Amino acid sequence: MTYVFNSEAGFKDEFLAGLTAAYGRYLRKVPSASGVMSVSAPVRGRASVLIGGGSGHYPAFAGLVGPGLCDGAVVGDVFTSPSAEHVYRCVKALDGGAGVLLSFGNYSGDVMHFGTAVERARREGVDARIVLVTDDVASAPGDRRQSRRGLPDPVLARRHHRALPEHPRHRTRLPNRTEHTNRPHWARGPRRARPRHGADHIRLRG
């Protein structure tokens with residue numbers, strides 16, 4: 001079998017080092033954390049968007065950071081949630097005074113670690129908030145939509161997340177607006193979503 005990494009133990013760190021070396025004009029390493037952030041972040045007075053999850057879901061999550069996308073991403077080991085400590089450090093690094101929105105898939109490890117980091121940041125005065133991505137219809141029935149995991153929606157939802165903080169009138173409504181973006185993208189596994197009449201209407205194709 002052919003491998004494209006040197007060792008499992010150093011995979012995450014080598015990936016982040018290579019990514020920032022190749023795309024240093026767009027992003028940089030978060031100091032003392034397993035994450036990357038846009039070279040322009042944080043912007044004073046504008047809310048930042050932090051995404052994250054385990055490594056191995058490329059281009060998510062670090063590949064969705066940069067101009068027109070998210071402000072930062074925190075990553076864990078392969079298919080493993082990043083620790084609460086590293087999430088917290090990324091939140092602190094991205095806070096420009098207007099708060100940080102954290103968005104991630106609805107998985108138990110991510111929910112626990114991101115939630116712990118948010119509680120800690122809030123105690124220190126950071127306006128940190130969470131929006132879960134819950135678009136996978138195969139993982140829970142319609143009456144338990146909030147229990148669904150996140151699969152294809154992140155690219156569309158996170159592009160919307162990143163655009164909203166640019167407009168001051170949307171800052172206080174950012175969590176509600178991003179949750180609204182998440183709802184129409186419910187999709188199933190291999191099916192692909194095609195926009196119809198804008199991003200708020202999605203038709204599922206078999």
# chains A, B, ... in the order shown; residues from 1 in each chain; ligands from 1
$ residues_around --residues "range 33-42 of chain A" --least-positions-apart "6" --cutoff "9 Å" --atoms "only C-alpha atoms" --output "PyMOL selection string"
chain A and resi 12-13+16+19-20+24-27+48+50+52+62+65-67+70-76+82+85-90+93-97
$ residues_around --residues "range 129-132 of chain A" --least-positions-apart "2" --cutoff "8 Å" --atoms "only C-alpha atoms" --output "list in words"
Gly99, Val100, Leu101, Leu102, Ser103, Phe104, Gly105, Asn106, Gly115, Val118, Asp127, Thr134, Gly150, Pro175, Thr178 and Glu179 of chain A
$ write_last_selection --atoms "N, CA, C and O atoms" --output "short mmCIF file (atom, residue, chain, number, x, y, z; two decimals), in the first residue's frame"
data_model
loop_
_atom_site.label_atom_id
_atom_site.label_comp_id
_atom_site.auth_asym_id
_atom_site.auth_seq_id
_atom_site.Cartn_x
_atom_site.Cartn_y
_atom_site.Cartn_z
N GLY A 99 -16.31 39.27 18.75
CA GLY A 99 -16.74 37.90 18.98
C GLY A 99 -16.28 36.92 17.92
O GLY A 99 -15.71 37.29 16.89
N VAL A 100 -16.54 35.64 18.20
CA VAL A 100 -16.15 34.55 17.30
C VAL A 100 -17.32 33.58 17.16
O VAL A 100 -17.91 33.16 18.15
N LEU A 101 -17.66 33.25 15.92
CA LEU A 101 -18.68 32.24 15.65
C LEU A 101 -17.98 30.93 15.34
O LEU A 101 -17.12 30.87 14.46
N LEU A 102 -18.35 29.87 16.06
CA LEU A 102 -17.76 28.55 15.84
C LEU A 102 -18.78 27.67 15.13
O LEU A 102 -19.92 27.55 15.57
N SER A 103 -18.37 27.05 14.04
CA SER A 103 -19.26 26.18 13.28
C SER A 103 -18.56 24.85 13.02
O SER A 103 -17.40 24.81 12.60
N PHE A 104 -19.29 23.75 13.26
CA PHE A 104 -18.70 22.42 13.12
C PHE A 104 -19.81 21.40 12.99
O PHE A 104 -20.98 21.68 13.26
N GLY A 105 -19.44 20.19 12.57
CA GLY A 105 -20.41 19.12 12.42
C GLY A 105 -20.92 18.63 13.76
O GLY A 105 -20.23 18.70 14.78
N ASN A 106 -22.12 18.09 13.76
CA ASN A 106 -22.78 17.67 15.00
C ASN A 106 -22.31 16.27 15.41
O ASN A 106 -23.03 15.29 15.29
N GLY A 115 -17.76 23.09 22.80
CA GLY A 115 -18.60 23.67 23.84
C GLY A 115 -17.80 24.07 25.07
O GLY A 115 -18.02 25.15 25.65
N VAL A 118 -15.85 27.23 24.29
CA VAL A 118 -16.72 28.42 24.25
C VAL A 118 -17.05 28.89 25.66
O VAL A 118 -17.02 30.10 25.95
N ASP A 127 -17.21 37.07 23.20
CA ASP A 127 -18.56 36.73 22.75
C ASP A 127 -18.45 35.58 21.74
O ASP A 127 -18.47 35.78 20.53
N THR A 134 -26.01 20.55 10.59
CA THR A 134 -26.84 19.35 10.79
C THR A 134 -27.65 19.05 9.53
O THR A 134 -28.87 19.12 9.54
N GLY A 150 -23.35 16.61 10.23
CA GLY A 150 -23.11 17.51 9.11
C GLY A 150 -22.25 16.84 8.05
O GLY A 150 -21.20 16.31 8.36
N PRO A 175 -25.54 34.36 14.37
CA PRO A 175 -25.92 32.96 14.63
C PRO A 175 -27.25 32.58 13.99
O PRO A 175 -27.38 31.49 13.43
N THR A 178 -26.84 32.28 10.10
CA THR A 178 -26.09 31.10 9.68
C THR A 178 -26.90 29.83 9.91
O THR A 178 -26.82 28.88 9.15
N GLU A 179 -27.70 29.81 10.98
CA GLU A 179 -28.58 28.66 11.20
C GLU A 179 -29.62 28.58 10.08
O GLU A 179 -29.96 27.49 9.62
#
$ atom_distance --atom1 "CA of Glu8 in chain A" --atom2 "CA of Phe114 in chain A"
23.9 Å
$ closest_residue --among "A:Val133, A:Ala84, A:Val30, A:Val111" --to "Arg145 in chain A" --atoms "only C-alpha atoms"
A:Val133
$ atom_distance --atom1 "CA of Met112 in chain A" --atom2 "CA of Asp77 in chain A"
16.0 Å
